[in-house]
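Chemist: Here you go, final20.txt (compact mmCIF, C-alpha atoms and all ligand atoms):
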```
# COMPACT_ATOMS: atom_id res chain seq x y z
CA GLN A 1 2.71 -11.86 10.62
CA LYS A 2 5.54 -9.33 10.26
CA GLN A 3 4.46 -8.18 6.82
CA PHE A 4 1.55 -8.55 4.46
CA ARG A 5 0.77 -7.83 0.82
CA LEU A 6 -1.92 -5.43 -0.33
CA PHE A 7 -2.36 -4.75 -4.07
CA ASN A 8 1.15 -6.11 -4.69
CA VAL A 9 2.79 -3.84 -2.15
CA THR A 10 4.61 -5.49 0.76
CA ILE A 11 3.79 -3.61 3.94
CA SER A 12 5.36 -4.09 7.37
CA ASN A 13 3.11 -5.02 10.26
CA ILE A 14 5.06 -3.54 13.16
CA THR A 15 4.48 -1.19 16.07
CA MET A 16 5.58 2.45 16.07
CA GLY A 17 8.25 1.57 18.64
CA ASP A 18 9.75 -1.16 16.43
CA ALA A 19 9.55 1.12 13.38
CA ILE A 20 11.58 3.81 15.15
CA SER A 21 14.11 1.26 16.44
CA SER A 22 14.61 0.03 12.88
CA VAL A 23 15.26 3.56 11.59
CA ILE A 24 17.70 4.32 14.42
CA ASN A 25 19.54 1.03 13.80
CA SER A 26 19.74 1.79 10.08
CA ALA A 27 21.08 5.25 10.89
CA LYS A 28 24.13 3.59 12.46
CA THR A 29 24.96 1.45 9.41
CA PRO A 30 27.08 2.67 6.48
CA GLN A 31 24.69 1.79 3.66
CA CYS A 32 21.51 3.78 3.09
CA ASP A 33 18.32 1.90 4.00
CA SER A 34 15.09 3.26 2.50
CA TYR A 35 11.78 3.70 4.28
CA ALA A 36 8.34 4.85 3.16
CA PHE A 37 4.90 5.47 4.56
CA VAL A 38 1.90 4.40 2.48
CA ASN A 39 -1.57 5.78 3.01
CA ALA A 40 -4.63 5.06 0.86
CA ASP A 41 -3.56 7.75 -1.63
CA CYS A 42 -0.12 6.15 -2.02
CA MET A 43 -1.74 2.74 -2.60
CA ASN A 44 -3.73 4.23 -5.49
CA ILE A 45 -0.53 5.66 -6.99
CA ALA A 46 1.30 2.35 -6.49
CA TYR A 47 -1.52 0.45 -8.19
CA LYS A 48 -0.91 2.45 -11.39
CA ASN A 49 2.81 3.20 -11.10
CA GLU A 50 4.93 0.06 -11.37
CA GLN A 51 8.22 1.85 -10.74
CA TYR A 52 6.97 3.29 -7.45
CA ARG A 53 5.58 -0.15 -6.49
CA GLN A 54 8.90 -1.85 -7.21
CA ILE A 55 10.80 0.76 -5.21
CA LEU A 56 8.43 0.31 -2.26
CA ASN A 57 8.95 -3.45 -2.41
CA ARG A 58 12.72 -3.01 -2.12
CA ASN A 59 12.47 -0.77 0.96
CA THR A 60 13.62 -1.89 4.39
CA HIS A 61 10.15 -1.09 5.70
CA VAL A 62 6.94 0.30 4.22
CA PHE A 63 4.79 1.61 7.06
CA ALA A 64 0.99 1.35 7.11
CA ASP A 65 -0.14 4.96 7.47
CA GLY A 66 -3.66 5.99 8.43
CA SER A 67 -7.23 4.85 8.67
CA GLY A 68 -7.54 3.86 4.98
CA LEU A 69 -4.90 1.18 5.46
CA ARG A 70 -6.53 0.03 8.69
CA LEU A 71 -9.84 -0.38 6.84
CA ALA A 72 -8.21 -2.22 3.92
CA CYS A 73 -6.57 -4.61 6.40
CA LYS A 74 -9.86 -5.20 8.18
CA ILE A 75 -11.52 -6.10 4.88
CA HIS A 76 -8.67 -8.54 4.09
CA HIS A 77 -8.73 -10.01 7.64
CA ILE A 78 -5.24 -8.75 8.43
CA ALA A 79 -4.64 -7.85 12.09
CA LEU A 80 -2.77 -4.59 11.73
CA LYS A 81 -0.61 -3.86 14.79
CA ASP A 82 -0.32 -0.10 14.56
CA ASN A 83 -0.94 3.08 12.58
CA VAL A 84 2.65 4.03 11.74
CA ASN A 85 2.36 7.54 10.33
CA GLY A 86 4.92 10.31 9.91
CA THR A 87 3.06 12.85 12.03
CA ASP A 88 3.17 10.62 15.11
CA MET A 89 6.64 9.29 14.34
CA PHE A 90 8.42 12.63 13.85
CA PRO A 91 8.63 13.82 17.50
CA LEU A 92 9.31 10.28 18.75
CA LEU A 93 12.09 9.83 16.19
CA CYS A 94 13.54 13.25 17.07
CA GLN A 95 13.58 12.27 20.74
CA GLN A 96 15.39 8.96 20.03
CA ALA A 97 17.80 10.63 17.61
CA ALA A 98 18.60 13.30 20.21
CA GLU A 99 19.22 10.69 22.91
CA GLN A 100 21.47 8.64 20.64
CA GLY A 101 23.33 11.51 19.01
CA VAL A 102 22.00 10.72 15.53
CA GLY A 103 21.84 13.80 13.28
CA ILE A 104 18.95 14.52 10.93
CA PHE A 105 18.86 16.30 7.55
CA MET A 106 15.51 17.75 6.44
CA LEU A 107 15.09 18.01 2.67
CA GLY A 108 11.90 19.22 1.02
CA ALA A 109 8.88 21.56 1.19
CA LYS A 110 8.92 25.26 0.33
CA PRO A 111 11.80 27.47 1.54
CA GLY A 112 11.53 28.24 5.26
CA ILE A 113 9.02 25.47 6.05
CA ALA A 114 11.46 22.80 7.23
CA ASN A 115 13.29 25.46 9.27
CA LYS A 116 10.08 26.16 11.21
CA ALA A 117 9.43 22.45 11.81
CA ALA A 118 13.07 22.01 12.88
CA ALA A 119 12.88 24.93 15.32
CA LYS A 120 9.82 23.35 16.96
CA MET A 121 11.56 20.02 17.47
CA GLN A 122 14.75 21.74 18.59
CA GLN A 123 12.77 23.51 21.29
CA ARG A 124 11.24 20.24 22.49
CA PHE A 125 14.49 18.28 22.31
CA PRO A 126 17.46 20.58 22.99
CA LEU A 127 20.01 17.82 22.28
CA LEU A 128 18.53 17.16 18.82
CA ARG A 129 20.97 17.75 15.98
CA ILE A 130 19.30 19.00 12.81
CA CYS A 131 22.48 18.89 10.71
CA GLY A 132 21.08 20.61 7.65
CA ILE A 133 18.01 21.81 5.81
CA HIS A 134 17.24 22.34 2.12
CA ASP A 135 13.96 23.10 0.39
CA GLY A 136 12.44 20.69 -2.12
CA TYR A 137 12.45 23.02 -5.13
CA PHE A 138 15.83 22.49 -6.75
CA SER A 139 16.74 21.69 -10.35
CA ALA A 140 18.26 18.48 -11.70
CA GLN A 141 21.55 20.39 -12.11
CA GLN A 142 21.52 21.29 -8.40
CA THR A 143 21.01 17.68 -7.29
CA ASP A 144 24.73 16.93 -6.88
CA ASP A 145 25.14 20.04 -4.71
CA VAL A 146 22.22 18.96 -2.53
CA ILE A 147 23.69 15.46 -2.14
CA ASN A 148 27.09 16.96 -1.24
CA LYS A 149 25.41 19.18 1.34
CA ILE A 150 23.65 16.19 2.93
CA ASN A 151 26.86 14.17 3.04
CA ALA A 152 28.96 17.05 4.38
CA SER A 153 26.40 17.69 7.15
CA GLY A 154 27.19 14.42 8.92
CA ALA A 155 23.48 13.57 9.17
CA LYS A 156 22.62 9.88 9.52
CA ILE A 157 18.88 10.17 8.84
CA LEU A 158 17.47 11.93 5.78
CA LEU A 159 13.83 13.01 5.90
CA LEU A 160 12.67 13.76 2.37
CA ALA A 161 9.42 15.71 1.96
CA MET A 162 8.66 16.08 -1.74
CA GLY A 163 5.44 14.05 -1.91
CA ALA A 164 4.85 10.48 -3.12
CA PRO A 165 6.10 9.09 -5.46
CA THR A 166 8.71 11.84 -6.22
CA GLN A 167 10.49 11.40 -2.89
CA GLU A 168 10.65 7.59 -3.16
CA LEU A 169 11.99 7.79 -6.73
CA TRP A 170 14.57 10.36 -5.62
CA ILE A 171 15.78 8.17 -2.74
CA ALA A 172 15.98 5.09 -4.98
CA GLU A 173 18.00 7.00 -7.60
CA HIS A 174 20.46 8.59 -5.19
CA SER A 175 20.72 6.32 -2.12
CA SER A 176 24.03 4.80 -3.26
CA LYS A 177 25.61 8.29 -3.18
CA LEU A 178 24.19 9.23 0.23
CA SER A 179 26.21 8.76 3.40
CA VAL A 180 23.10 8.64 5.61
CA GLY A 181 22.08 5.25 7.06
CA ALA A 182 18.35 5.81 6.65
CA ALA A 183 16.31 7.80 4.12
CA ILE A 184 12.59 8.25 4.72
CA GLY A 185 9.93 9.75 2.44
CA VAL A 186 7.70 11.89 4.66
CA GLY A 187 5.30 13.73 2.31
CA GLY A 188 3.66 16.81 3.80
CA LEU A 189 5.23 16.34 7.25
CA PHE A 190 7.24 19.59 7.39
CA ASP A 191 4.18 21.67 6.39
CA PHE A 192 2.22 20.01 9.19
CA TYR A 193 4.80 20.92 11.85
CA ALA A 194 5.56 24.38 10.44
CA ASP A 195 2.17 25.76 11.52
N1 LIG A 201 7.27 19.46 -2.60
C1 LIG A 201 8.61 19.74 -2.78
N2 LIG A 201 9.08 19.80 -4.06
C2 LIG A 201 8.31 19.60 -5.15
C3 LIG A 201 6.94 19.30 -4.93
C4 LIG A 201 6.45 19.21 -3.64
O1 LIG A 201 9.35 19.91 -1.83
O2 LIG A 201 8.81 19.69 -6.26
C5 LIG A 201 6.77 19.39 -1.22
C6 LIG A 201 5.58 20.27 -0.90
O3 LIG A 201 6.00 21.59 -0.64
C7 LIG A 201 5.01 19.56 0.31
C8 LIG A 201 5.34 18.09 0.03
O4 LIG A 201 6.33 18.10 -1.00
O5 LIG A 201 5.70 19.97 1.47
C9 LIG A 201 4.18 17.27 -0.52
O6 LIG A 201 3.21 17.21 0.38
P1 LIG A 201 1.92 16.34 0.09
O7 LIG A 201 1.07 16.48 1.27
O8 LIG A 201 1.38 16.68 -1.27
O9 LIG A 201 2.57 14.89 -0.04
P2 LIG A 201 1.92 13.50 0.34
O10 LIG A 201 1.94 13.48 1.87
O11 LIG A 201 0.55 13.50 -0.25
O12 LIG A 201 2.85 12.51 -0.27
```
In structure tokens, how does this file's structure come out?
Modeler:
Amino acid sequence: QKQFRLFNVTISNITMGDAISSVINSAKTPQCDSYAFVNADCMNIAYKNEQYRQILNRNTHVFADGSGLRLACKIHHIALKDNVNGTDMFPLLCQQAAEQGVGIFMLGAKPGIANKAAAKMQQRFPLLRICGIHDGYFSAQQTDDVINKINASGAKILLLAMGAPTQELWIAEHSSKLSVGAAIGVGGLFDFYAD
């Protein structure tokens, strides 16, 4: 089946390739589609946090991330097609985005971290357009400025790395004001690629 339910969270059962195609297609649409990854840790948070759970259930896709999800599916006799995690997706998404001229905005992590991750991808994919970068430590009063910066950048994909569930709540609250076609919560992704 194309999706399944685990602890009241609807999760997509798709391959990495189909996940990336969906994000790229969303990037080309005017409205902002929301995406999330859920690992075992996220499932624990969702179990207790109804708001996060409801937001996840309204997303275009929730990707099954990591071995904890694989194990949970095995126990529930669900044939999971793929491990769709941010670490594996990031370079593949950058490659597709570069080929299709889709710009990316990287929001989140400590100052300088996303810049390092961006430089790495830029080196691998020279045609990649990282349209803008902003760290994830801004005040509520600065939020409008951050949104304006994203919109002015011309980016069509927003990667938001502020940890779950903060990033998912942020996307849900602000997606109607964003001119990107896809917004994805990516957790500790920028830290991983900054090293
Ligand atoms: N972060 C942020 N702003 C905050 C709190 C956290 O940008 O106010 C960043 C933090 O620097 C890190 C990421 O959010 O880059 C959270 O990573 P973590 O691995 O904790 O997230 P998870 O993958 O567990 O959701």
Chemist: When you draw a straight line from atom CA of A:Lys28 to atom CA of A:Lys156, how long is it in Å?
Modeler: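 Interatomic distance, atom CA of A:Lys28 to atom CA of A:Lys156: 7.1 Å.
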Chemist: Given the choices A:Asn59, A:Gln167, A:Ser139, A:Ser67, which gets closest to A:Ala40 if the distance is worked out from all atoms listed in the file?
Modeler: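 The answer is A:Ser67, which sits nearest to A:Ala40.
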Chemist: For the atom pair atom CA of A:Leu159 and atom CA of A:Gln141, what is the interatomic distance in Å to one decimal place?
Modeler: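 Atom CA of A:Leu159 sits 20.9 Å away from atom CA of A:Gln141.
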Chemist: For stretch 57-73 of chain A, I'd like the enclosing box, axis-aligned and padded by 5 Å on every side, reported as JSON with centre and edge lengths in Å to one decimal.
Modeler:
```
{"center_x": 1.9, "center_y": 0.7, "center_z": 3.1, "size_x": 33.5, "size_y": 20.6, "size_z": 21.1}
```
Chemist: What lies within 12 Å of stretch 12-18 of chain A using all atoms listed in the file, ignoring chain neighbours under 4 positions off, as number ranges by chain?
Modeler: A: 1-6, 22-25, 35-38, 56-57, 59-65, 69-70, 73, 78-93, 96
Chemist: Kindly assemble as a Markdown table a list of the stretch 10-122 of chain A residues that lie within 8 Å of stretch 169-181 of chain A, each paired with its nearest atom pair and their distance in Å to one decimal, using all atoms listed in the file, sorted first by chain and then by ascending residue number.
Modeler:
```
| residue | atom | partner | partner_atom | distance |
| --- | --- | --- | --- | --- |
| A:Ser26 | CA | A:Gly181 | CA | 5.2 |
| A:Ala27 | CA | A:Gly181 | CA | 4.0 |
| A:Lys28 | CA | A:Gly181 | CA | 6.0 |
| A:Thr29 | CA | A:Gly181 | CA | 5.3 |
| A:Pro30 | CA | A:Gly181 | CA | 5.7 |
| A:Gln31 | CA | A:Gly181 | CA | 5.5 |
| A:Cys32 | CA | A:Gly181 | CA | 4.3 |
| A:Asp33 | CA | A:Gly181 | CA | 5.9 |
| A:Ser34 | CA | A:Ile171 | CA | 7.2 |
| A:Tyr52 | CA | A:Leu169 | CA | 6.8 |
| A:Ile55 | CA | A:Ala172 | CA | 6.8 |
```
Chemist: Please produce a file of the residues just selected, as a short mmCIF file (atom, residue, chain, number, x, y, z; two decimals), in the coordinates of the input, where the atoms kept are C-alpha atoms.
Modeler:
```
data_model
loop_
_atom_site.label_atom_id
_atom_site.label_comp_id
_atom_site.auth_asym_id
_atom_site.auth_seq_id
_atom_site.Cartn_x
_atom_site.Cartn_y
_atom_site.Cartn_z
CA SER A 26 19.74 1.79 10.08
CA ALA A 27 21.08 5.25 10.89
CA LYS A 28 24.13 3.59 12.46
CA THR A 29 24.96 1.45 9.41
CA PRO A 30 27.08 2.67 6.48
CA GLN A 31 24.69 1.79 3.66
CA CYS A 32 21.51 3.78 3.09
CA ASP A 33 18.32 1.90 4.00
CA SER A 34 15.09 3.26 2.50
CA TYR A 52 6.97 3.29 -7.45
CA ILE A 55 10.80 0.76 -5.21
#
```
Chemist: Quick one: residues within 8 Å of ligand LIG 201 (chain A), with all atoms listed in the file, as a CSV table (one decimal) with C-alpha atoms, in the frame of the given file?
Modeler:
```csv
chain,number,residue,atom,x,y,z
A,41,ASP,CA,-3.6,7.8,-1.6
A,42,CYS,CA,-0.1,6.2,-2.0
A,107,LEU,CA,15.1,18.0,2.7
A,108,GLY,CA,11.9,19.2,1.0
A,109,ALA,CA,8.9,21.6,1.2
A,110,LYS,CA,8.9,25.3,0.3
A,113,ILE,CA,9.0,25.5,6.0
A,135,ASP,CA,14.0,23.1,0.4
A,136,GLY,CA,12.4,20.7,-2.1
A,137,TYR,CA,12.4,23.0,-5.1
A,138,PHE,CA,15.8,22.5,-6.8
A,161,ALA,CA,9.4,15.7,2.0
A,162,MET,CA,8.7,16.1,-1.7
A,163,GLY,CA,5.4,14.0,-1.9
A,164,ALA,CA,4.8,10.5,-3.1
A,165,PRO,CA,6.1,9.1,-5.5
A,166,THR,CA,8.7,11.8,-6.2
A,186,VAL,CA,7.7,11.9,4.7
A,187,GLY,CA,5.3,13.7,2.3
A,188,GLY,CA,3.7,16.8,3.8
A,189,LEU,CA,5.2,16.3,7.2
A,190,PHE,CA,7.2,19.6,7.4
A,191,ASP,CA,4.2,21.7,6.4
```
Chemist: Find the distance between atom CA of A:Ala118 and atom CA of A:Met106 and write it in Å to one decimal.
Modeler: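 Result for atom CA of A:Ala118 versus atom CA of A:Met106: 8.1 Å, one decimal.
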Chemist: Using the incomplete input, complete stretch 131-144 of chain A to the level of N, CA and C atoms; output as a CSV table (one decimal), keeping the file's coordinate frame.
Modeler:
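rebuild.csv written:
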```
chain,number,residue,atom,x,y,z
A,131,CYS,N,21.2,18.6,11.3
A,131,CYS,CA,22.5,18.9,10.7
A,131,CYS,C,22.4,19.8,9.5
A,132,GLY,N,21.2,19.8,8.8
A,132,GLY,CA,21.1,20.6,7.6
A,132,GLY,C,19.7,20.6,7.2
A,133,ILE,N,19.4,21.6,6.4
A,133,ILE,CA,18.0,21.8,5.8
A,133,ILE,C,18.1,22.3,4.4
A,134,HIS,N,17.3,21.8,3.5
A,134,HIS,CA,17.2,22.3,2.1
A,134,HIS,C,15.8,22.2,1.6
A,135,ASP,N,15.3,23.2,0.9
A,135,ASP,CA,14.0,23.1,0.4
A,135,ASP,C,13.9,22.1,-0.7
A,136,GLY,N,12.7,21.8,-1.1
A,136,GLY,CA,12.4,20.7,-2.1
A,136,GLY,C,12.2,21.2,-3.5
A,137,TYR,N,12.7,22.4,-3.8
A,137,TYR,CA,12.4,23.0,-5.1
A,137,TYR,C,13.8,23.4,-5.8
A,138,PHE,N,14.5,22.3,-6.1
A,138,PHE,CA,15.8,22.5,-6.8
A,138,PHE,C,15.8,21.8,-8.1
A,139,SER,N,16.7,22.2,-9.0
A,139,SER,CA,16.7,21.7,-10.4
A,139,SER,C,17.6,20.4,-10.4
A,140,ALA,N,17.5,19.7,-11.5
A,140,ALA,CA,18.3,18.5,-11.7
A,140,ALA,C,19.8,18.8,-11.6
A,141,GLN,N,20.1,20.0,-12.1
A,141,GLN,CA,21.6,20.4,-12.1
A,141,GLN,C,22.0,20.7,-10.7
A,142,GLN,N,21.1,21.0,-9.8
A,142,GLN,CA,21.5,21.3,-8.4
A,142,GLN,C,21.6,20.0,-7.5
A,143,THR,N,21.1,18.9,-8.1
A,143,THR,CA,21.0,17.7,-7.3
A,143,THR,C,22.3,17.3,-6.7
A,144,ASP,N,23.4,17.3,-7.4
A,144,ASP,CA,24.7,16.9,-6.9
A,144,ASP,C,25.1,17.8,-5.7
```
